[in-house]
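K.L.:
This structure is in structure tokens; I'll ask about it shortly.
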Amino acid sequence: MPDRLFDSKESRSFKSQACVFISFYFGAADRLTAEERQRTIVLASKVADWSKAKKIVQDDFLTIDFASFSRGVEERLGRLRAARDLVVADPEILSGTPVIRGTRVPVYDVAASVAAGIPMDRILSSYPSLKREHVELAALYAEANPQRGRPRQRELPANARVVSKRRKVLTQSP
């Protein structure tokens, strides 16, 4: 990927044009070699204003129209924006756990149900306040924003007490 299409100073981030090229790279893998795809990306990345360009790259006998890749990326980015708008993390709701807006349903719980292959009708019956769109967007949100690290340690409720702190030591078998 040409350097001007991404930034890795503070964190890795790509410009939307880079997403089009990534989509092209993988989408054309069954038709073009890696070298041809890379060469095409380098040629296409030299277009000064990608948003106003026809999104067609010609190199000798090869002509690539990036319009379909661009439309696909815009559709997926729109879905991602919708997924991010759907999720809210408020310290007053489930101690800041990301939930689906207007509900107390944790987004990662819904996404885990989808990932586990639970049928949509069963997920919807378990969470009656959700619609099919909410479930699909929750799965997309969780995929784009994976949880990191260990779960937070929560304080015990006022009436709870620890019965035992013993831990079983695992030994290696000979």
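Every chain in the structure tokens has a letter given in the order shown (A, B, ...), and although residue numbers restart at 1 in each chain, ligands are simply numbered from 1 in the order shown.
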If you take only C-alpha atoms and a cut-off of 12 Å, which residues of range 82-120 of chain A touch range 125-129 of chain A, and what are their nearest atom pairs and distances in Å to one decimal, in chain and number order, as JSON lines?
P.N.:
{"residue": "A:Ile100", "atom": "CA", "partner": "A:Ser129", "partner_atom": "CA", "distance": 9.9}
{"residue": "A:Arg101", "atom": "CA", "partner": "A:Ser129", "partner_atom": "CA", "distance": 10.7}
{"residue": "A:Gly102", "atom": "CA", "partner": "A:Ser129", "partner_atom": "CA", "distance": 9.0}
{"residue": "A:Thr103", "atom": "CA", "partner": "A:Ser129", "partner_atom": "CA", "distance": 7.2}
{"residue": "A:Arg104", "atom": "CA", "partner": "A:Ser129", "partner_atom": "CA", "distance": 9.5}
{"residue": "A:Val105", "atom": "CA", "partner": "A:Tyr127", "partner_atom": "CA", "distance": 7.7}
{"residue": "A:Pro106", "atom": "CA", "partner": "A:Tyr127", "partner_atom": "CA", "distance": 10.5}
{"residue": "A:Val107", "atom": "CA", "partner": "A:Tyr127", "partner_atom": "CA", "distance": 11.3}
{"residue": "A:Asp109", "atom": "CA", "partner": "A:Tyr127", "partner_atom": "CA", "distance": 10.6}
{"residue": "A:Val110", "atom": "CA", "partner": "A:Tyr127", "partner_atom": "CA", "distance": 8.7}
{"residue": "A:Ser113", "atom": "CA", "partner": "A:Ser126", "partner_atom": "CA", "distance": 10.3}
{"residue": "A:Ile118", "atom": "CA", "partner": "A:Ser126", "partner_atom": "CA", "distance": 10.8}
{"residue": "A:Pro119", "atom": "CA", "partner": "A:Ser125", "partner_atom": "CA", "distance": 10.1}
{"residue": "A:Met120", "atom": "CA", "partner": "A:Ser125", "partner_atom": "CA", "distance": 8.6}
K.L.:
Among the residues of range 8-174 of chain A, find those DSSP assigns to helix (DSSP H, G or I) from the backbone and print them as a ChimeraX atom specification.
P.N.:
/A:16-27,34-45,67-86,94-96,107-115,120-126,132-144
K.L.:
Could you go through range 49-138 of chain A and tell me which residues DSSP, when run on the backbone, assigns to strand (DSSP E), listing them as a VMD selection string?
P.N.:
chain A and resid 56 to 59 62 to 65 87 to 88 99 to 100
K.L.:
Take the residues that were just selected and, keeping all heavy atoms, output them as a PDB file, in the first residue's frame.
P.N.:
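Heads up, here's the output in again22.pdb:
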ATOM      1  N   ILE A  56     -11.101   4.759 -13.137  1.00  0.00           N
ATOM      2  CA  ILE A  56     -10.670   3.778 -14.138  1.00  0.00           C
ATOM      3  C   ILE A  56      -9.165   3.929 -14.329  1.00  0.00           C
ATOM      4  O   ILE A  56      -8.666   5.033 -14.503  1.00  0.00           O
ATOM      5  CB  ILE A  56     -11.392   3.983 -15.481  1.00  0.00           C
ATOM      6  CG1 ILE A  56     -12.887   3.706 -15.311  1.00  0.00           C
ATOM      7  CG2 ILE A  56     -10.798   3.078 -16.554  1.00  0.00           C
ATOM      8  CD1 ILE A  56     -13.710   3.958 -16.552  1.00  0.00           C
ATOM      9  N   VAL A  57      -8.451   2.815 -14.275  1.00  0.00           N
ATOM     10  CA  VAL A  57      -7.003   2.809 -14.455  1.00  0.00           C
ATOM     11  C   VAL A  57      -6.688   1.987 -15.693  1.00  0.00           C
ATOM     12  O   VAL A  57      -7.175   0.869 -15.838  1.00  0.00           O
ATOM     13  CB  VAL A  57      -6.290   2.208 -13.220  1.00  0.00           C
ATOM     14  CG1 VAL A  57      -4.811   2.066 -13.465  1.00  0.00           C
ATOM     15  CG2 VAL A  57      -6.554   3.057 -11.998  1.00  0.00           C
ATOM     16  N   GLN A  58      -5.872   2.573 -16.587  1.00  0.00           N
ATOM     17  CA  GLN A  58      -5.458   1.872 -17.791  1.00  0.00           C
ATOM     18  C   GLN A  58      -3.946   1.738 -17.795  1.00  0.00           C
ATOM     19  O   GLN A  58      -3.235   2.695 -17.516  1.00  0.00           O
ATOM     20  CB  GLN A  58      -5.899   2.624 -19.042  1.00  0.00           C
ATOM     21  CG  GLN A  58      -7.402   2.545 -19.256  1.00  0.00           C
ATOM     22  CD  GLN A  58      -7.806   3.198 -20.550  1.00  0.00           C
ATOM     23  OE1 GLN A  58      -7.607   4.396 -20.713  1.00  0.00           O
ATOM     24  NE2 GLN A  58      -8.374   2.406 -21.452  1.00  0.00           N
ATOM     25  N   ASP A  59      -3.505   0.546 -18.075  1.00  0.00           N
ATOM     26  CA  ASP A  59      -2.079   0.266 -18.166  1.00  0.00           C
ATOM     27  C   ASP A  59      -1.891  -0.706 -19.328  1.00  0.00           C
ATOM     28  O   ASP A  59      -2.193  -1.894 -19.188  1.00  0.00           O
ATOM     29  CB  ASP A  59      -1.562  -0.327 -16.855  1.00  0.00           C
ATOM     30  CG  ASP A  59      -0.063  -0.569 -16.898  1.00  0.00           C
ATOM     31  OD1 ASP A  59       0.652   0.206 -17.567  1.00  0.00           O
ATOM     32  OD2 ASP A  59       0.389  -1.536 -16.256  1.00  0.00           O
ATOM     33  N   LEU A  62      -4.460  -3.544 -20.024  1.00  0.00           N
ATOM     34  CA  LEU A  62      -5.280  -3.802 -18.839  1.00  0.00           C
ATOM     35  C   LEU A  62      -6.053  -2.549 -18.444  1.00  0.00           C
ATOM     36  O   LEU A  62      -5.479  -1.473 -18.287  1.00  0.00           O
ATOM     37  CB  LEU A  62      -4.384  -4.248 -17.674  1.00  0.00           C
ATOM     38  CG  LEU A  62      -5.073  -4.625 -16.371  1.00  0.00           C
ATOM     39  CD1 LEU A  62      -5.961  -5.850 -16.580  1.00  0.00           C
ATOM     40  CD2 LEU A  62      -4.036  -4.908 -15.303  1.00  0.00           C
ATOM     41  N   THR A  63      -7.375  -2.678 -18.299  1.00  0.00           N
ATOM     42  CA  THR A  63      -8.228  -1.580 -17.843  1.00  0.00           C
ATOM     43  C   THR A  63      -8.997  -2.060 -16.620  1.00  0.00           C
ATOM     44  O   THR A  63      -9.674  -3.081 -16.675  1.00  0.00           O
ATOM     45  CB  THR A  63      -9.219  -1.150 -18.941  1.00  0.00           C
ATOM     46  OG1 THR A  63      -8.483  -0.757 -20.098  1.00  0.00           O
ATOM     47  CG2 THR A  63     -10.090  -0.008 -18.468  1.00  0.00           C
ATOM     48  N   ILE A  64      -8.877  -1.325 -15.528  1.00  0.00           N
ATOM     49  CA  ILE A  64      -9.554  -1.680 -14.277  1.00  0.00           C
ATOM     50  C   ILE A  64     -10.495  -0.551 -13.900  1.00  0.00           C
ATOM     51  O   ILE A  64     -10.087   0.604 -13.820  1.00  0.00           O
ATOM     52  CB  ILE A  64      -8.551  -1.886 -13.116  1.00  0.00           C
ATOM     53  CG1 ILE A  64      -7.509  -2.933 -13.459  1.00  0.00           C
ATOM     54  CG2 ILE A  64      -9.287  -2.235 -11.828  1.00  0.00           C
ATOM     55  CD1 ILE A  64      -7.995  -4.345 -13.499  1.00  0.00           C
ATOM     56  N   ASP A  65     -11.762  -0.896 -13.674  1.00  0.00           N
ATOM     57  CA  ASP A  65     -12.755   0.066 -13.218  1.00  0.00           C
ATOM     58  C   ASP A  65     -12.968  -0.153 -11.720  1.00  0.00           C
ATOM     59  O   ASP A  65     -13.452  -1.212 -11.297  1.00  0.00           O
ATOM     60  CB  ASP A  65     -14.060  -0.132 -13.980  1.00  0.00           C
ATOM     61  CG  ASP A  65     -15.101   0.930 -13.663  1.00  0.00           C
ATOM     62  OD1 ASP A  65     -14.867   1.744 -12.744  1.00  0.00           O
ATOM     63  OD2 ASP A  65     -16.143   0.934 -14.331  1.00  0.00           O
ATOM     64  N   VAL A  87     -24.533   1.963  19.036  1.00  0.00           N
ATOM     65  CA  VAL A  87     -23.955   1.553  20.312  1.00  0.00           C
ATOM     66  C   VAL A  87     -23.626   2.771  21.167  1.00  0.00           C
ATOM     67  O   VAL A  87     -23.113   3.773  20.677  1.00  0.00           O
ATOM     68  CB  VAL A  87     -22.680   0.708  20.068  1.00  0.00           C
ATOM     69  CG1 VAL A  87     -21.999   0.353  21.380  1.00  0.00           C
ATOM     70  CG2 VAL A  87     -23.031  -0.544  19.282  1.00  0.00           C
ATOM     71  N   VAL A  88     -23.924   2.643  22.451  1.00  0.00           N
ATOM     72  CA  VAL A  88     -23.627   3.708  23.400  1.00  0.00           C
ATOM     73  C   VAL A  88     -22.973   3.078  24.636  1.00  0.00           C
ATOM     74  O   VAL A  88     -23.323   1.975  25.039  1.00  0.00           O
ATOM     75  CB  VAL A  88     -24.900   4.504  23.780  1.00  0.00           C
ATOM     76  CG1 VAL A  88     -25.914   3.637  24.477  1.00  0.00           C
ATOM     77  CG2 VAL A  88     -24.572   5.708  24.625  1.00  0.00           C
ATOM     78  N   VAL A  99     -23.755  -0.853  25.073  1.00  0.00           N
ATOM     79  CA  VAL A  99     -25.079  -1.437  24.886  1.00  0.00           C
ATOM     80  C   VAL A  99     -25.711  -0.883  23.620  1.00  0.00           C
ATOM     81  O   VAL A  99     -25.272   0.133  23.071  1.00  0.00           O
ATOM     82  CB  VAL A  99     -26.005  -1.148  26.088  1.00  0.00           C
ATOM     83  CG1 VAL A  99     -25.484  -1.788  27.358  1.00  0.00           C
ATOM     84  CG2 VAL A  99     -26.223   0.346  26.286  1.00  0.00           C
ATOM     85  N   ILE A 100     -26.747  -1.544  23.168  1.00  0.00           N
ATOM     86  CA  ILE A 100     -27.503  -1.067  22.016  1.00  0.00           C
ATOM     87  C   ILE A 100     -28.363   0.101  22.485  1.00  0.00           C
ATOM     88  O   ILE A 100     -29.077  -0.005  23.496  1.00  0.00           O
ATOM     89  CB  ILE A 100     -28.341  -2.206  21.421  1.00  0.00           C
ATOM     90  CG1 ILE A 100     -27.377  -3.273  20.883  1.00  0.00           C
ATOM     91  CG2 ILE A 100     -29.275  -1.682  20.343  1.00  0.00           C
ATOM     92  CD1 ILE A 100     -28.019  -4.530  20.392  1.00  0.00           C
TER      93      ILE A 100
END
K.L.:
Quick one, how far is CA of Phe6 in chain A from CA of Arg76 in chain A?
P.N.:
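Separating CA of Phe6 in chain A from CA of Arg76 in chain A is a distance of 18.8 Å.
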